[in-house]
2 protein chains.
Amino acid sequence: MAFCIPRGFRAAGVHCGLKRNPNKPDVALIVSDRPSTAAGVYTQNVVCAAPVRLDRQRTPSDSIRAVVVNSGNANACTGEQGDRDALQMAEWAAQACGADGSQVLVLSTGIIGELLPMDRIQRGIEAASSRLGSDEETFETAARGLLTTDSTHKIASDEVPLDAGPVRILGIAKGAAMIGPNMATMLAVILTDAVIDPQTAQQLLATATDDTFNCISVEGHVSTNDSVVLLANGASGTDVSAGREKDLFTTGLCHVCEDLARAIPSDGEGATHLITIEIHGCANRENARRIAKTVANSPLVKTAIAGADPNWGRIVSAAGYAGVQFDPMMVSLHVNGLLLYERGVPVPFDGAKVSQSIRDHRDTSIVLLFSEGSSSARFWTSDLTAEYVRLNADYHT
Amino acid sequence: MAFCIPRGFRAAGVHCGLKRNPNKPDVALIVSDRPSTAAGVYTQNVVCAAPVRLDRQRTPSDSIRAVVVNSGNANACTGEQGDRDALQMAEWAAQACGADGSQVLVLSTGIIGELLPMDRIQRGIEAASSRLGSDEETFETAARGLLTTDSTHKIASDEVPLDAGPVRILGIAKGAAMIGPNMATMLAVILTDAVIDPQTAQQLLATATDDTFNCISVEGHVSTNDSVVLLANGASGTDVSAGREKDLFTTGLCHVCEDLARAIPSDGEGATHLITIEIHGCANRENARRIAKTVANSPLVKTAIAGADPNWGRIVSAAGYAGVQFDPMMVSLHVNGLLLYERGVPVPFDGAKVSQSIRDHRDTSIVLLFSEGSSSARFWTSDLTAEYVRLNADYHT
C-alpha cells in the first residue's frame, strides 16, 4: 500500500499486553513536531467513555501535539477512575514529545466496564515514544494499533495540489462492529500538514464526517467511544482556511474520510457484501438520509443481500417506514444497475440475473428514486449473515 | 385450548389454494348476525396495501357485518387492480351474509407484488360461507386462516363480568416476521358482543394497541399490511361506552391484545427467547418507549440473549443512543431479576448464573431504571439467531 504522509508527523505502534496476541499492536502514538490545529467529532451516545469526555473538552484547539490510542480496553463505564486514567495517558504521551499533558488527545476502544491496566499502558507509551518514525511502515503499525475485531487496518490518503504547494492528508481508522462486553467502535485519526485555523478545521471535519462516517452502519448500534479527530500541523506552509484552497482541501478531506468510512462496513463482522444505498429525488437532504439509513438498518434488506435475493419488496417497504412522506406510486428501484420496480409497481425482471450479479460482486448498489424534490443521500452498510450472529451470540461460549 | 366466544359471531376457515399445503386454511370469514361497531388501527408504512386503504376508509363504523381475510398474498404494490380486487372480496363476503359490500372489512397477508388469483378467492369465500360456525373449532380454523410463517395460531379471550351481565372479547392474530417477497404482517381481529359506539371503540382500540401491538418487534421492519380491527356487535346487550363498564371493558381488551401481541415475538422466526424490556423512571412515556424500542431493536442485544450472554454493556449503550437525555450515572439494570449494573457502574455478579438463567427460560426480562421521572414503558421482542438469518437469507435459494 502506498500512501502519502503529511510533513511534521511521526507515529509508532507497539504491543503492551492489552491484546493477547503479542504480534498485534495495542498502543499507537502519533506526534506532531509543532502545535497543531485540532478538531474532533464524537459519539452521540449519552453513555460515553472517559477519553471521549476528555477530547470533547480539548477540541477545537490550536495547540495539540499528540494523539495516543489504545485498543483492547475502551475505558468506558469506569467512573471517575476512568477519567483520571485518561488524563494520565495524556500526561505520559506528553512526556514522550516534550509537550504539556493538555496538548494530547486520547482514544480508546475495546472491552467496557474494566479499568485500564495502567502499568502496561505506561510501558506501551514509553516504548512507542522510542520508536516514532515517519515512514509508511511505522504509520501502518500505528494504524494496526487501533484495531479490535477488524480483519485489516484502514488507511487512506490524498495529496491536494494547490498554487502555494501541495498539502497532504492521511487518515487511519478502525471499526467492524460492536462486540461485547467488548465494544468495538469507530475511531479515526486524520493528519494533514495544511495550515488551517481551529474553527475552520472543526467545521470542515464536521461536514466531512456528516457525509461519510455518519453515513455508515454495520448493525446500527452506536458505540460509547466513536471519535474522529483531525490534526493539522501547518508543516506544508500552505493555508487552506479560505477560498479555492479551502474548497480543494475539503474535497481531499472528504475523499480520505469516505475511503475510511466505506472500509468499515466493508470489513463488518461476518459481512460478505458492502451495500451502497443511494437515495435521489427527496424534498430535502434530511429526508433522503433518513430513508437511506432506514433501508441500511433493515435486517430484512441485509439478509436479502446476504442471500443474493433481489427482494425489492423489503427495500421499498423499508423506505416506507422511514418516517418520511412520499408518493409511493412514483418510487423506482435499481439494484446493481438493474430496474426492479418502477413508479410504484414491480417490473418483470430476470431474477436469476440480478441474483447472480449480487453473488458475483462484493459491492451491491441499491438506488431508490423519489419524486419529491432534488435532494440525495448515500449510506453504506454491510449485509447480515449467520456468521455475524454466530460471532455476536457465541462470543462467550 | 378453551376460550370464550362473543355472541352473535360465526366464523370459518378454508383452503382455497393460495397456500400449497391443502391442510392449511388460507381464507377466513367472520360474520356478525347484526351490524357491528367497527374500529381499526393500521400500518404507518407509506407503502400500504390495497385492503389497508379500503379498511381505513371504512372505520370507524356502526354497520360492519363481516371481516374476510386471506393469507398467502398481501395484495400490496398491486396498483389499481389491487384496489378493485379488495373491493370485490368485500362484495363476495357480503353476499355470504346478506349484507352490502360496504359493510365488510378486508385483510390480506403474504406475497407482495402479485395480483390475487380471484377465482380461487371467490371459491374460498363461497366455501367459507357454507361452513360458518360458532364453536371453538371453527374459530380456531379461522385463526389458522390468517397464518403465514407462524408456527402456531394465536387466540386470546376474556369474559368481563359487568353488573348488566358479562361481555365477551375474543381476538385472533398472526405474525412472525416479514419474509419476502412474501411479507408477513401483523394482523389481528378482535370480536366482542359488548354494546359500544364507534368513536369510543376507535379510541379504546387505539389505546389498547398503543400499549400492546405497537410495543412489539421481531426485527423492526414495518409491514405494508399491519392491521388490527375490532368488531363490537352488541349481542350481549351490555353497554360499555362509559363509566365503570368502560374501564372494566378496557382492561379486558388490553388483556386480550397483550396476550396476542406477546405471542407474535414469542413465535418470531428462529426465536429462542421472548424478551420483555421494562423501562422505569423516565421523564415521560414517550422517552420510556423510545428507550425500550431502541434496546429491543439492537441486534447486539438480541444476539446476546440468543447466546445467553449477560451483556450489560450492549443494553446500557443501546439505551444511550435512543435519542433521550438521561444521567448515565443513575442507570441501573436487572436481567432476569439479577442486578448487573447500578448507578452507572457494573456490579460484581455471577456471570455463569445469569447465563444459566437466560438459557433455562424462554422468557428473558430486561429491566432498566432511570432517575428522570416516573414514566414507564414495556416492549416485547424476540432474540436474533442464526436461524432467523438463514430463514431470511436463504428463502429463495
# chains A, B, ... in the order shown; residues from 1 in each chain; ligands from 1
$ residues_around --residues "Leu170 in chain B" --least-positions-apart "2" --cutoff "7 Å" --atoms "only C-alpha atoms" --output "list in words"
Cys4, Ile5, Pro6, Ala156, Ser157, Asp158, Arg168, Ile172, Ile190, Leu191 and Thr192 of chain B
$ residues_around --residues "Ser241 in chain B" --least-positions-apart "3" --cutoff "12 Å" --atoms "only C-alpha atoms" --output "ChimeraX atom specification"
/B:37,194-204,232,234,237-238,244-250
$ interface_residues --of "chain A" --to "chain B" --cutoff "6 Å" --atoms "only C-alpha atoms" --output "PDB file with N, CA and C atoms, in the first residue's frame"
ATOM      1  N   ASN A  45     -23.761   9.049  21.806  1.00  0.00           N
ATOM      2  CA  ASN A  45     -24.321   8.203  22.868  1.00  0.00           C
ATOM      3  C   ASN A  45     -24.240   8.928  24.218  1.00  0.00           C
ATOM      4  N   VAL A  46     -25.365   8.914  24.956  1.00  0.00           N
ATOM      5  CA  VAL A  46     -25.404   9.544  26.277  1.00  0.00           C
ATOM      6  C   VAL A  46     -24.398   8.861  27.206  1.00  0.00           C
ATOM      7  N   VAL A  47     -24.241   7.551  27.010  1.00  0.00           N
ATOM      8  CA  VAL A  47     -23.258   6.795  27.782  1.00  0.00           C
ATOM      9  C   VAL A  47     -21.947   6.856  27.003  1.00  0.00           C
ATOM     10  N   CYS A  77     -17.589   3.367  31.051  1.00  0.00           N
ATOM     11  CA  CYS A  77     -18.317   2.921  32.241  1.00  0.00           C
ATOM     12  C   CYS A  77     -17.351   2.573  33.358  1.00  0.00           C
ATOM     13  N   PRO A 181     -18.790  -8.120  26.239  1.00  0.00           N
ATOM     14  CA  PRO A 181     -18.666  -6.776  26.759  1.00  0.00           C
ATOM     15  C   PRO A 181     -17.571  -5.978  26.082  1.00  0.00           C
ATOM     16  N   THR A 303     -30.285  -9.260   5.188  1.00  0.00           N
ATOM     17  CA  THR A 303     -30.255 -10.711   4.980  1.00  0.00           C
ATOM     18  C   THR A 303     -30.555 -11.042   3.523  1.00  0.00           C
ATOM     19  N   ALA A 304     -31.412 -10.237   2.871  1.00  0.00           N
ATOM     20  CA  ALA A 304     -31.720 -10.496   1.458  1.00  0.00           C
ATOM     21  C   ALA A 304     -30.444 -10.385   0.616  1.00  0.00           C
ATOM     22  N   ALA A 306     -27.373 -10.740   1.677  1.00  0.00           N
ATOM     23  CA  ALA A 306     -26.520 -11.883   2.036  1.00  0.00           C
ATOM     24  C   ALA A 306     -26.940 -13.120   1.239  1.00  0.00           C
ATOM     25  N   GLY A 307     -28.251 -13.260   1.011  1.00  0.00           N
ATOM     26  CA  GLY A 307     -28.763 -14.414   0.277  1.00  0.00           C
ATOM     27  C   GLY A 307     -28.883 -14.168  -1.217  1.00  0.00           C
ATOM     28  N   ASN A 311     -34.781  -8.735  -3.574  1.00  0.00           N
ATOM     29  CA  ASN A 311     -36.042  -8.611  -2.873  1.00  0.00           C
ATOM     30  C   ASN A 311     -36.501  -7.160  -2.802  1.00  0.00           C
ATOM     31  N   GLY A 313     -39.363  -5.898  -2.510  1.00  0.00           N
ATOM     32  CA  GLY A 313     -40.416  -5.631  -1.524  1.00  0.00           C
ATOM     33  C   GLY A 313     -39.839  -5.171  -0.193  1.00  0.00           C
ATOM     34  N   GLY A 320     -40.604   2.916   3.164  1.00  0.00           N
ATOM     35  CA  GLY A 320     -41.935   3.365   3.574  1.00  0.00           C
ATOM     36  C   GLY A 320     -42.085   3.603   5.059  1.00  0.00           C
ATOM     37  N   TYR A 321     -41.217   3.019   5.890  1.00  0.00           N
ATOM     38  CA  TYR A 321     -41.374   3.261   7.332  1.00  0.00           C
ATOM     39  C   TYR A 321     -40.263   4.136   7.909  1.00  0.00           C
ATOM     40  N   PRO A 328     -45.922   6.862  -3.033  1.00  0.00           N
ATOM     41  CA  PRO A 328     -45.407   5.520  -3.331  1.00  0.00           C
ATOM     42  C   PRO A 328     -45.552   5.154  -4.810  1.00  0.00           C
ATOM     43  N   VAL A 345     -44.762   0.089  -9.051  1.00  0.00           N
ATOM     44  CA  VAL A 345     -45.101  -1.315  -9.328  1.00  0.00           C
ATOM     45  C   VAL A 345     -43.857  -2.102  -9.744  1.00  0.00           C
ATOM     46  N   ALA A 386     -25.373 -15.218   8.890  1.00  0.00           N
ATOM     47  CA  ALA A 386     -25.426 -16.088  10.070  1.00  0.00           C
ATOM     48  C   ALA A 386     -24.106 -16.008  10.840  1.00  0.00           C
ATOM     49  N   VAL A 389     -24.225 -13.290  13.406  1.00  0.00           N
ATOM     50  CA  VAL A 389     -24.970 -13.709  14.602  1.00  0.00           C
ATOM     51  C   VAL A 389     -24.112 -14.647  15.440  1.00  0.00           C
ATOM     52  N   ASN A 392     -21.549 -12.816  17.406  1.00  0.00           N
ATOM     53  CA  ASN A 392     -22.046 -11.969  18.484  1.00  0.00           C
ATOM     54  C   ASN A 392     -22.865 -12.708  19.526  1.00  0.00           C
ATOM     55  N   ALA A 393     -23.369 -13.883  19.180  1.00  0.00           N
ATOM     56  CA  ALA A 393     -24.146 -14.663  20.152  1.00  0.00           C
ATOM     57  C   ALA A 393     -23.237 -15.632  20.895  1.00  0.00           C
ATOM     58  N   ASP A 394     -22.225 -16.126  20.210  1.00  0.00           N
ATOM     59  CA  ASP A 394     -21.403 -17.188  20.799  1.00  0.00           C
ATOM     60  C   ASP A 394     -20.086 -16.667  21.336  1.00  0.00           C
TER      61      ASP A 394
END
$ atom_distance --atom1 "CA of Gly252 in chain B" --atom2 "CA of Val160 in chain B"
6.3 Å
$ select_by_dssp --residues "range 47-276 of chain A" --states "helix (DSSP H, G or I)" --output "PyMOL selection string"
chain A and resi 50-58+79-96+101-103+118-129+136-144+198-211+213-215+243-266
$ atom_distance --atom1 "CA of Arg120 in chain A" --atom2 "CA of Arg53 in chain A"
22.5 Å
$ residues_around --residues "range 260-276 of chain A" --least-positions-apart "6" --cutoff "6 Å" --atoms "only C-alpha atoms" --output "PyMOL selection string"
chain A and resi 175-176+212-213+218+362-365+379-383+387-388
$ write_last_selection --atoms "N, CA and C atoms" --output "CSV table (one decimal), in the first residue's frame"
chain,number,residue,atom,x,y,z
A,175,GLY,N,-12.8,-0.2,12.9
A,175,GLY,CA,-14.2,-0.4,13.1
A,175,GLY,C,-14.7,-1.6,12.3
A,176,ALA,N,-15.5,-2.4,13.0
A,176,ALA,CA,-16.0,-3.6,12.3
A,176,ALA,C,-17.4,-3.9,12.9
A,212,THR,N,-19.8,11.0,5.6
A,212,THR,CA,-19.0,9.8,5.4
A,212,THR,C,-19.2,8.9,6.7
A,213,PHE,N,-18.5,9.3,7.8
A,213,PHE,CA,-18.5,8.4,8.9
A,213,PHE,C,-20.0,8.4,9.5
A,218,VAL,N,-23.0,-0.9,10.6
A,218,VAL,CA,-22.9,-2.3,10.5
A,218,VAL,C,-24.2,-2.9,11.0
A,362,ARG,N,-18.7,-8.2,-4.5
A,362,ARG,CA,-18.8,-7.8,-3.1
A,362,ARG,C,-19.5,-6.5,-2.8
A,363,ASP,N,-19.5,-5.6,-3.8
A,363,ASP,CA,-20.2,-4.4,-3.7
A,363,ASP,C,-21.6,-4.5,-4.3
A,364,THR,N,-22.6,-4.1,-3.5
A,364,THR,CA,-24.0,-4.1,-4.0
A,364,THR,C,-24.5,-2.7,-4.0
A,365,SER,N,-25.1,-2.3,-5.1
A,365,SER,CA,-25.7,-1.0,-5.3
A,365,SER,C,-27.2,-1.0,-5.2
A,379,PHE,N,-25.5,6.1,1.7
A,379,PHE,CA,-25.2,5.4,3.0
A,379,PHE,C,-24.6,4.0,2.7
A,380,TRP,N,-23.7,3.6,3.5
A,380,TRP,CA,-23.0,2.3,3.3
A,380,TRP,C,-23.3,1.4,4.5
A,381,THR,N,-23.5,0.2,4.2
A,381,THR,CA,-23.7,-0.8,5.3
A,381,THR,C,-23.2,-2.2,4.8
A,382,SER,N,-23.2,-3.1,5.8
A,382,SER,CA,-22.8,-4.5,5.4
A,382,SER,C,-24.0,-5.3,5.4
A,383,ASP,N,-23.9,-6.5,4.8
A,383,ASP,CA,-25.0,-7.4,4.8
A,383,ASP,C,-25.0,-8.2,6.2
A,387,GLU,N,-23.0,-15.7,10.1
A,387,GLU,CA,-21.7,-15.6,10.8
A,387,GLU,C,-21.7,-14.4,11.7
A,388,TYR,N,-22.3,-13.3,11.3
A,388,TYR,CA,-22.4,-12.2,12.2
A,388,TYR,C,-23.1,-12.6,13.5
$ closest_residue --among "A:Ala93, A:Ala188, A:Leu253, A:Ala66" --to "Gly124 in chain A" --atoms "only C-alpha atoms"
A:Ala93
$ atom_distance --atom1 "CA of Val240 in chain A" --atom2 "CA of Ala164 in chain A"
9.9 Å
$ select_by_dssp --residues "range 209-269 of chain A" --states "strand (DSSP E)" --output "ChimeraX atom specification"
/A:216-217,227-232
$ residues_around --residues "Thr209 in chain A" --least-positions-apart "6" --cutoff "9 Å" --atoms "only C-alpha atoms" --output "PyMOL selection string"
chain A and resi 41+215+228+254+257-258+261
$ closest_residue --among "B:Arg123, B:Gln103, B:Val69, B:Met118" --to "Lys174 in chain B" --atoms "only C-alpha atoms"
B:Val69
$ residues_around --residues "Ala142 in chain B" --least-positions-apart "6" --cutoff "9 Å" --atoms "only C-alpha atoms" --output "compact mmCIF listing (two decimals) with N, CA, C and O atoms, in the first residue's frame"
# COMPACT_ATOMS: atom_id res chain seq x y z
N ALA B 11 -67.80 -17.98 12.34
CA ALA B 11 -66.52 -17.90 11.62
C ALA B 11 -66.30 -19.18 10.83
O ALA B 11 -66.94 -20.20 11.07
N ALA B 12 -65.38 -19.09 9.87
CA ALA B 12 -64.96 -20.28 9.14
C ALA B 12 -63.56 -20.04 8.56
O ALA B 12 -63.18 -18.90 8.29
N GLY B 13 -62.83 -21.12 8.38
CA GLY B 13 -61.54 -21.05 7.70
C GLY B 13 -61.49 -22.16 6.68
O GLY B 13 -61.90 -23.29 6.98
N VAL B 14 -61.04 -21.85 5.45
CA VAL B 14 -60.99 -22.88 4.40
C VAL B 14 -59.70 -22.73 3.61
O VAL B 14 -59.04 -21.69 3.65
N PRO B 25 -55.52 -23.66 6.00
CA PRO B 25 -56.53 -22.71 5.54
C PRO B 25 -55.88 -21.39 5.13
O PRO B 25 -54.90 -20.95 5.74
N ASP B 26 -56.40 -20.79 4.06
CA ASP B 26 -55.85 -19.52 3.59
C ASP B 26 -56.93 -18.45 3.37
O ASP B 26 -56.64 -17.35 2.91
N VAL B 27 -58.16 -18.79 3.70
CA VAL B 27 -59.23 -17.79 3.71
C VAL B 27 -59.98 -17.94 5.03
O VAL B 27 -60.29 -19.07 5.45
N ALA B 28 -60.23 -16.82 5.69
CA ALA B 28 -61.05 -16.83 6.90
C ALA B 28 -62.18 -15.84 6.72
O ALA B 28 -61.99 -14.77 6.13
N LEU B 29 -63.35 -16.22 7.20
CA LEU B 29 -64.51 -15.35 7.11
C LEU B 29 -65.13 -15.26 8.50
O LEU B 29 -65.33 -16.28 9.17
N ILE B 30 -65.39 -14.04 8.94
CA ILE B 30 -66.03 -13.84 10.25
C ILE B 30 -67.26 -12.97 10.01
O ILE B 30 -67.16 -11.92 9.38
N VAL B 69 -60.57 -12.47 5.36
CA VAL B 69 -59.11 -12.44 5.44
C VAL B 69 -58.55 -13.48 4.48
O VAL B 69 -59.09 -14.58 4.36
N ILE B 172 -58.09 -12.95 17.50
CA ILE B 172 -57.21 -13.87 16.78
C ILE B 172 -56.16 -13.02 16.08
O ILE B 172 -56.43 -11.88 15.69
$ closest_residue --among "B:Cys282, B:Leu205, B:Leu147, B:Leu54" --to "Leu87 in chain B" --atoms "only C-alpha atoms"
B:Leu54
